[in-house]
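> Okay, so here is input_2.txt, and as you'll see once you scroll down, it has compact mmCIF, C-alpha atoms.
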```txt
# COMPACT_ATOMS: atom_id res chain seq x y z
CA MET A 1 -21.86 -54.83 50.84
CA GLY A 2 -22.19 -52.51 47.85
CA VAL A 3 -19.00 -53.94 46.30
CA ILE A 4 -20.33 -57.52 46.63
CA VAL A 5 -23.64 -56.60 44.94
CA PHE A 6 -21.71 -54.81 42.18
CA LEU A 7 -19.48 -57.84 41.54
CA LYS A 8 -22.53 -60.11 41.29
CA MET A 9 -23.97 -57.81 38.61
CA ILE A 10 -20.93 -57.93 36.31
CA PRO A 11 -21.87 -61.29 34.67
CA LEU A 12 -25.22 -59.74 33.68
CA ILE A 13 -23.41 -57.18 31.53
CA SER A 14 -23.04 -58.30 27.94
CA ASN A 15 -19.69 -58.24 26.22
CA ASN A 16 -21.34 -56.03 23.65
CA MET A 17 -22.41 -52.41 24.07
CA PHE A 18 -23.71 -51.55 27.57
CA PRO A 19 -26.36 -50.39 28.25
CA LYS A 20 -28.38 -51.23 25.15
CA ASN A 21 -31.89 -51.99 26.48
CA ILE A 22 -34.25 -51.24 29.37
CA ILE A 23 -32.97 -54.03 31.64
CA GLN A 24 -29.35 -52.98 31.20
CA SER A 25 -30.36 -49.33 31.73
CA ILE A 26 -31.85 -50.26 35.11
CA LEU A 27 -28.64 -52.12 35.94
CA PHE A 28 -26.71 -49.02 34.83
CA VAL A 29 -28.64 -46.90 37.36
CA ILE A 30 -28.20 -49.47 40.13
CA ILE A 31 -24.42 -49.41 39.61
CA LEU A 32 -24.49 -45.60 39.63
CA ILE A 33 -26.45 -45.54 42.90
CA ILE A 34 -24.19 -48.15 44.55
CA ILE A 35 -21.04 -46.19 43.68
CA SER A 36 -22.54 -42.86 44.81
CA PHE A 37 -23.81 -44.19 48.13
CA SER A 38 -20.56 -46.08 48.76
CA VAL A 39 -18.56 -42.84 48.44
CA ILE A 40 -21.05 -40.95 50.65
CA ALA A 41 -20.93 -43.73 53.26
CA PHE A 42 -17.13 -43.74 53.18
CA PHE A 43 -17.00 -40.01 53.95
CA GLU A 44 -19.72 -40.20 56.61
CA PHE A 45 -18.50 -43.17 58.59
CA ILE A 46 -14.77 -43.38 57.84
CA ILE A 47 -13.58 -39.82 57.33
CA VAL A 48 -16.54 -38.13 59.09
CA ASN A 49 -18.71 -35.90 56.94
CA ARG A 50 -16.90 -32.58 57.40
CA ALA A 51 -18.25 -29.53 55.59
CA ASP A 52 -14.85 -28.72 54.09
CA LEU A 53 -14.72 -32.17 52.45
CA LEU A 54 -18.18 -32.13 50.85
CA LEU A 55 -16.85 -30.86 47.55
CA ILE A 56 -14.19 -33.57 47.43
CA ARG A 57 -16.86 -36.15 48.29
CA ASP A 58 -19.11 -34.98 45.45
CA LEU A 59 -16.24 -34.87 42.96
CA LEU A 60 -15.08 -38.40 43.87
CA SER A 61 -18.64 -39.72 43.67
CA TYR A 62 -19.14 -38.31 40.17
CA LEU A 63 -15.65 -39.16 38.94
CA LEU A 64 -15.69 -42.77 40.17
CA SER A 65 -19.18 -43.31 38.71
CA PHE A 66 -18.07 -41.91 35.36
CA ILE A 67 -14.90 -44.02 35.24
CA VAL A 68 -16.60 -47.30 36.19
CA LEU A 69 -19.62 -46.83 33.93
CA GLY A 70 -17.42 -45.56 31.11
CA LEU A 71 -15.25 -48.68 31.34
CA LEU A 72 -18.29 -50.97 31.40
CA ALA A 73 -19.69 -49.14 28.38
CA LYS A 74 -16.30 -49.39 26.63
CA LYS A 75 -16.16 -45.63 26.13
CA LYS A 76 -13.06 -43.70 25.14
CA ILE A 77 -12.34 -40.04 25.85
CA THR A 78 -12.55 -39.38 22.11
CA ASP A 79 -16.17 -40.58 22.14
CA PHE A 80 -17.18 -37.42 24.01
CA ASN A 81 -17.10 -34.96 21.15
CA ILE A 82 -16.80 -31.16 21.58
CA SER A 83 -14.85 -30.41 18.39
CA ASN A 84 -17.82 -29.11 16.40
CA THR A 85 -18.90 -26.55 19.03
CA LYS A 86 -20.32 -23.33 17.51
CA TYR A 87 -20.56 -20.16 19.59
CA ASN A 88 -23.92 -19.12 18.07
CA ILE A 89 -25.55 -22.44 19.00
CA SER A 90 -23.96 -22.26 22.46
CA LEU A 91 -25.42 -18.79 23.06
CA LEU A 92 -28.84 -19.87 21.77
CA LEU A 93 -28.83 -22.91 24.06
CA ILE A 94 -28.01 -20.68 27.05
CA LEU A 95 -30.85 -18.31 26.05
CA VAL A 96 -33.36 -21.14 25.60
CA SER A 97 -32.35 -22.83 28.88
CA LEU A 98 -32.47 -19.56 30.82
CA THR A 99 -35.85 -18.45 29.50
CA PHE A 100 -37.29 -21.97 29.85
CA THR A 101 -36.29 -22.11 33.51
CA ILE A 102 -37.74 -18.65 34.24
CA ALA A 103 -40.94 -19.03 32.19
CA ILE A 104 -41.76 -22.71 32.77
CA GLY A 105 -39.32 -24.47 35.11
CA LEU A 106 -39.55 -22.36 38.27
CA PRO A 107 -43.29 -21.51 37.94
CA SER A 108 -44.19 -25.22 37.56
CA PHE A 109 -41.92 -26.07 40.52
CA TYR A 110 -43.62 -23.57 42.85
CA LEU A 111 -47.08 -24.48 41.54
CA LEU A 112 -46.57 -28.19 42.30
CA SER A 113 -44.84 -27.43 45.61
CA ASN A 114 -47.92 -25.48 46.73
CA PHE A 115 -50.25 -28.20 45.43
CA PHE A 116 -48.45 -30.94 47.40
CA ASN A 117 -47.77 -28.63 50.38
CA ASN A 118 -44.03 -29.23 50.04
CA THR A 119 -41.69 -27.10 52.11
CA ILE A 120 -39.15 -25.41 49.86
CA THR A 121 -35.70 -25.41 51.44
CA PRO A 122 -33.67 -22.41 50.24
CA ILE A 123 -30.20 -23.08 48.85
CA ASP A 124 -27.47 -21.97 51.24
CA ASN A 125 -25.53 -19.33 49.31
CA SER A 126 -23.26 -18.38 52.20
CA SER A 127 -20.42 -19.61 49.99
CA LEU A 128 -21.35 -18.70 46.42
CA ILE A 129 -18.31 -20.41 44.89
CA PHE A 130 -19.08 -23.65 46.74
CA SER A 131 -22.74 -23.51 45.61
CA LEU A 132 -21.81 -22.87 41.99
CA VAL A 133 -19.31 -25.73 41.91
CA SER A 134 -21.35 -28.32 43.86
CA ILE A 135 -24.85 -27.49 42.59
CA ALA A 136 -24.19 -26.11 39.10
CA ILE A 137 -20.83 -27.11 37.60
CA LEU A 138 -20.14 -30.66 38.84
CA PRO A 139 -23.64 -32.03 38.11
CA ALA A 140 -23.74 -30.34 34.70
CA ILE A 141 -20.43 -31.90 33.65
CA PHE A 142 -20.67 -35.40 35.11
CA GLU A 143 -24.41 -36.04 34.86
CA GLU A 144 -24.26 -35.19 31.17
CA LEU A 145 -21.18 -37.34 30.61
CA ILE A 146 -22.92 -40.26 32.35
CA ILE A 147 -26.56 -39.83 31.28
CA ARG A 148 -26.23 -38.38 27.79
CA GLY A 149 -22.64 -39.32 26.90
CA ILE A 150 -22.84 -42.97 28.02
CA LEU A 151 -26.44 -44.07 28.67
CA PHE A 152 -28.31 -42.23 25.90
CA ASP A 153 -25.46 -42.51 23.39
CA ASN A 154 -25.40 -46.31 23.71
CA LEU A 155 -29.18 -46.64 23.77
CA ILE A 156 -29.60 -44.66 20.55
CA LYS A 157 -27.23 -47.05 18.77
CA ASN A 158 -29.48 -50.00 19.62
CA ASN A 159 -32.99 -48.50 19.79
CA SER A 160 -35.25 -45.95 18.15
CA LEU A 161 -34.88 -42.27 19.03
CA ILE A 162 -38.24 -42.16 20.82
CA LYS A 163 -37.52 -45.24 22.94
CA SER A 164 -34.03 -44.00 23.83
CA ILE A 165 -35.34 -40.59 24.87
CA ILE A 166 -38.13 -42.13 26.98
CA ILE A 167 -35.75 -44.48 28.84
CA THR A 168 -33.18 -41.73 29.42
CA THR A 169 -35.81 -39.20 30.54
CA ILE A 170 -37.39 -41.62 33.03
CA ILE A 171 -33.99 -42.48 34.50
CA PHE A 172 -32.81 -38.85 34.64
CA SER A 173 -36.05 -37.75 36.32
CA ALA A 174 -36.10 -40.69 38.75
CA ILE A 175 -32.57 -40.17 40.08
CA HIS A 176 -33.43 -36.57 41.01
CA MET A 177 -36.42 -37.75 43.08
CA SER A 178 -38.44 -34.53 43.02
CA ILE A 179 -42.13 -34.46 42.05
CA PRO A 180 -42.37 -30.61 42.04
CA LYS A 181 -39.43 -30.48 39.62
CA LEU A 182 -40.85 -33.21 37.38
CA PRO A 183 -42.07 -30.94 34.52
CA MET A 184 -38.69 -29.17 34.42
CA LEU A 185 -36.78 -32.46 34.61
CA VAL A 186 -38.83 -34.23 31.94
CA LEU A 187 -38.92 -31.34 29.44
CA GLY A 188 -35.26 -30.54 30.09
CA ALA A 189 -34.21 -34.17 29.62
CA VAL A 190 -36.16 -34.56 26.37
CA PHE A 191 -34.73 -31.31 24.99
CA THR A 192 -31.16 -32.18 25.98
CA CYS A 193 -31.42 -35.68 24.48
CA TYR A 194 -32.73 -34.23 21.22
CA ILE A 195 -29.94 -31.62 21.02
CA TYR A 196 -27.32 -34.28 21.73
CA TYR A 197 -28.86 -36.57 19.11
CA LYS A 198 -28.78 -33.81 16.49
CA THR A 199 -25.30 -32.46 17.26
CA LYS A 200 -23.44 -35.37 18.93
CA ASN A 201 -21.79 -32.67 21.06
CA ILE A 202 -21.63 -33.32 24.81
CA LEU A 203 -20.65 -29.71 25.54
CA TYR A 204 -24.05 -28.49 24.34
CA ALA A 205 -25.77 -30.84 26.80
CA MET A 206 -23.54 -29.52 29.58
CA LEU A 207 -24.40 -25.91 28.71
CA ILE A 208 -28.14 -26.62 28.92
CA HIS A 209 -27.72 -28.35 32.27
CA LEU A 210 -25.33 -25.72 33.62
CA THR A 211 -27.62 -22.80 32.75
CA THR A 212 -30.57 -24.40 34.53
CA ASN A 213 -28.44 -25.19 37.58
CA VAL A 214 -27.02 -21.65 37.77
CA VAL A 215 -30.57 -20.25 37.83
CA SER A 216 -31.31 -22.62 40.75
CA VAL A 217 -28.28 -21.29 42.64
CA PHE A 218 -29.55 -17.72 42.26
CA GLU A 219 -33.18 -18.71 42.85
CA ASN A 220 -33.29 -17.03 46.29
CA TRP A 221 -32.44 -13.69 44.68
CA LEU A 222 -34.56 -14.22 41.58
CA VAL A 223 -37.78 -15.29 43.29
CA GLN A 224 -39.07 -12.28 45.21
CA PRO A 225 -42.83 -12.76 45.85
CA THR A 226 -44.98 -9.77 46.78
CA SER A 227 -46.64 -11.80 49.59
CA ASP A 228 -45.81 -14.66 51.95
CA SER A 229 -47.36 -17.13 49.52
CA VAL A 230 -45.36 -17.71 46.34
CA GLY A 231 -47.66 -17.86 43.30
CA ILE A 232 -47.12 -17.90 39.54
CA LEU A 233 -48.29 -14.28 39.22
CA ASN A 234 -46.21 -12.83 42.07
CA MET A 235 -43.04 -14.97 42.24
CA TYR A 236 -40.81 -12.41 40.51
CA GLY A 237 -42.18 -9.37 42.33
CA ASN A 238 -44.40 -6.66 40.90
CA ASN A 239 -43.15 -7.28 37.35
CA THR A 240 -43.83 -11.03 37.37
CA LEU A 241 -46.31 -10.99 34.49
CA TYR A 242 -43.96 -8.98 32.23
CA ILE A 243 -41.01 -11.23 33.10
CA LEU A 244 -43.04 -14.37 32.29
CA ILE A 245 -44.36 -12.97 28.99
CA PHE A 246 -40.97 -11.73 27.76
CA SER A 247 -39.21 -14.92 28.90
CA PHE A 248 -41.73 -17.03 27.00
CA LEU A 249 -41.36 -14.88 23.87
CA PHE A 250 -37.56 -15.08 23.98
CA LEU A 251 -37.88 -18.83 24.55
CA ILE A 252 -39.92 -19.23 21.35
CA ILE A 253 -37.58 -16.97 19.37
CA GLY A 254 -34.54 -18.82 20.72
CA LEU A 255 -36.00 -22.21 19.75
CA ILE A 256 -36.76 -21.01 16.21
CA TYR A 257 -33.25 -19.65 15.66
CA LEU A 258 -31.74 -22.73 17.30
CA LYS A 259 -33.59 -25.03 14.90
CA LEU A 260 -32.45 -22.97 11.91
CA ASN A 261 -28.80 -22.93 13.02
CA ILE A 262 -28.70 -26.66 13.75
CA GLU A 263 -30.23 -27.42 10.36
CA LYS A 264 -27.53 -25.29 8.67
CA ILE A 265 -24.80 -27.25 10.44
CA LEU A 266 -26.36 -30.59 9.52
CA ILE A 267 -26.66 -29.54 5.86
CA SER A 268 -23.02 -28.39 5.90
CA LEU A 269 -21.86 -31.69 7.41
CA PHE A 270 -23.88 -33.64 4.85
CA GLU A 271 -22.35 -31.67 1.97
CA ASN A 272 -18.83 -32.19 3.37
CA CYS A 273 -19.46 -35.91 3.58
CA LYS A 274 -20.47 -35.99 -0.10
CA ILE A 275 -17.41 -33.98 -1.14
CA ASN A 276 -14.98 -35.92 1.10
CA PRO A 277 -16.34 -39.45 1.51
CA GLU A 278 -14.28 -41.66 3.79
```
In structure tokens, how does this file's structure come out?

Amino acid sequence: MGVIVFLKMIPLISNNMFPKNIIQSILFVIILIIISFSVIAFFEFIIVNRADLLLIRDLLSYLLSFIVLGLLAKKKITDFNISNTKYNISLLLILVSLTFTIAIGLPSFYLLSNFFNNTITPIDNSSLIFSLVSIAILPAIFEELIIRGILFDNLIKNNSLIKSIIITTIIFSAIHMSIPKLPMLVLGAVFTCYIYYKTKNILYAMLIHLTTNVVSVFENWLVQPTSDSVGILNMYGNNTLYILIFSFLFLIIGLIYLKLNIEKILISLFENCKINPE
């Protein structure tokens, strides 16, 4: 059924760049969902959803989605640039992502979870390697390749920066389907889009995503409330207030230094272009 729907959609895709507008972006997401659910259904009903095959299922789902959407978008491997990666910017992005998740991401998640009376299901860390690969590494790599490397990259070539960021952020937030995580998803998506726009480096986007996901994997150990009810002022134990204050300060410092370093790189690239015009 999913294959038939997908085949009917192909004529709607322009011969030009895809996706390049809101309608094509929605079609982009529909194709992504069809591929993902088709792989999940295949493993559940054909192979039987065995625990030891979950990682293979997730990898195939991501990989197939990336290949199909990449082909439709006429992307080449060389379009996903990592050649201009700088270690100082990489470290600053890790710092900013880490402190953002601790100071804003997790507190907003628990605040909204309590407000909506949502039950928080702890991540099963019985197999740490499995959790890191399935929850942190695979999503960070393939979601960034698909969302930032294909969707946002093509949108920005046909639309304004603001419009492209809004479309990408809505889609990224929607596919995660989590209201308590909405502030973290929206702010994270906007920040990642902006960094990708400024640097054109997909590895930076992956680092941001990976850092946030790794914190989620270790959330059970990080969040240690002093009572049965998890609140903003007790979620990290007796030192919650100090952790929040210092995380926020390091977040601000990291953002300032990140802005300065990115500006230096952009100035350097501009000067090189003037010296060596193509």
> Extract, using all atoms listed in the file, all DNA, RNA and protein residues at most 9 Å from range 75-91 of chain A, discarding same-chain residues fewer than 5 positions from it, and format them as a PyMOL selection string.
chain A and resi 69-70+96+145+149-150+199-204+207-208+257-258+261-262
> Which one of A:Asn114, A:Thr101, A:Ser61, A:Ser216 sits closest to Ile135 in chain A if you count only C-alpha atoms?
A:Ser216
> Could you list, as a PyMOL selection string, every residue within 12 Å of Ile56 in chain A, counting all atoms listed in the file and ignoring same-chain residues fewer than 6 positions away?
chain A and resi 39-40+43+47+49-50+62-64+130+133-134+138
> With C-alpha atoms retained, write the just-selected residues as a compact mmCIF listing (two decimals), in the coordinates of the input.

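What ended up in selection_33.txt:
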```txt
# COMPACT_ATOMS: atom_id res chain seq x y z
CA VAL A 39 -18.56 -42.84 48.44
CA ILE A 40 -21.05 -40.95 50.65
CA PHE A 43 -17.00 -40.01 53.95
CA ILE A 47 -13.58 -39.82 57.33
CA ASN A 49 -18.71 -35.90 56.94
CA ARG A 50 -16.90 -32.58 57.40
CA TYR A 62 -19.14 -38.31 40.17
CA LEU A 63 -15.65 -39.16 38.94
CA LEU A 64 -15.69 -42.77 40.17
CA PHE A 130 -19.08 -23.65 46.74
CA VAL A 133 -19.31 -25.73 41.91
CA SER A 134 -21.35 -28.32 43.86
CA LEU A 138 -20.14 -30.66 38.84
```
> What is the CA of Leu244 in chain A-CA of Ala103 in chain A distance in Å, reported with one decimal?
5.1 Å
> What gap, in Å, lies between CA of Pro180 in chain A and CA of Ile94 in chain A?
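Here the two named atoms are 23.0 Å from each other.
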> Between CA of Asp58 in chain A and CA of Ile146 in chain A, what is the distance in Å, rounded to a tenth?
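So the answer is 14.6 Å.
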> Write out as a PDB file with C-alpha atoms, in the coordinates of the input the residues lying within 9 Å of Leu32 in chain A, counting all atoms listed in the file and excluding same-chain residues fewer than 4 positions away.

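Produced file selection_3.pdb, reproduced below:
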```
ATOM      1  CA  LEU A  27     -28.640 -52.120  35.940  1.00  0.00           C
ATOM      2  CA  PHE A  28     -26.710 -49.020  34.830  1.00  0.00           C
ATOM      3  CA  SER A  36     -22.540 -42.860  44.810  1.00  0.00           C
ATOM      4  CA  PHE A  37     -23.810 -44.190  48.130  1.00  0.00           C
ATOM      5  CA  SER A  65     -19.180 -43.310  38.710  1.00  0.00           C
ATOM      6  CA  PHE A  66     -18.070 -41.910  35.360  1.00  0.00           C
ATOM      7  CA  VAL A  68     -16.600 -47.300  36.190  1.00  0.00           C
ATOM      8  CA  LEU A  69     -19.620 -46.830  33.930  1.00  0.00           C
TER       9      LEU A  69
END
```
> Nearest to Ile162 in chain A among A:Ile195, A:Leu59, A:Ile232, A:Val190, with distances taken over all atoms listed in the file: which residue is it?
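The closest residue to Ile162 in chain A is A:Val190.
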> Name the residues in contact with Leu251 in chain A at a cut-off of 10 Å, using only C-alpha atoms, excluding same-chain residues fewer than 5 positions from it; report them as a list in words.
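After dropping sequence-adjacent residues, the list is Leu92, Leu93, Leu95, Val96, Ser97, Leu98, Thr99, Phe100, Thr101, Ile102, Ala103, Ile104, Ile245, Phe246 and Ile256 of chain A.
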> Nearest to Leu106 in chain A: which of A:Tyr196, A:Phe42, A:Tyr236, A:Phe142 is it, counting only C-alpha atoms?
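Distance minimum relative to Leu106 in chain A lands on A:Tyr236.
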> Identify, on the basis of all atoms listed in the file, every residue whose closest approach to Ser131 in chain A does not exceed 12 Å; exclude the query and any residue fewer than 4 positions from it along the same chain; express the result as a ChimeraX atom specification.
/A:54-55,122-127,135-139,213-219
> Using only C-alpha atoms, find the one residue out of A:Leu151, A:Ile33, A:Leu132, A:Leu112 that sits nearest to Leu72 in chain A.
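Once distances to Leu72 in chain A are computed over only C-alpha atoms, the minimum belongs to A:Leu151.
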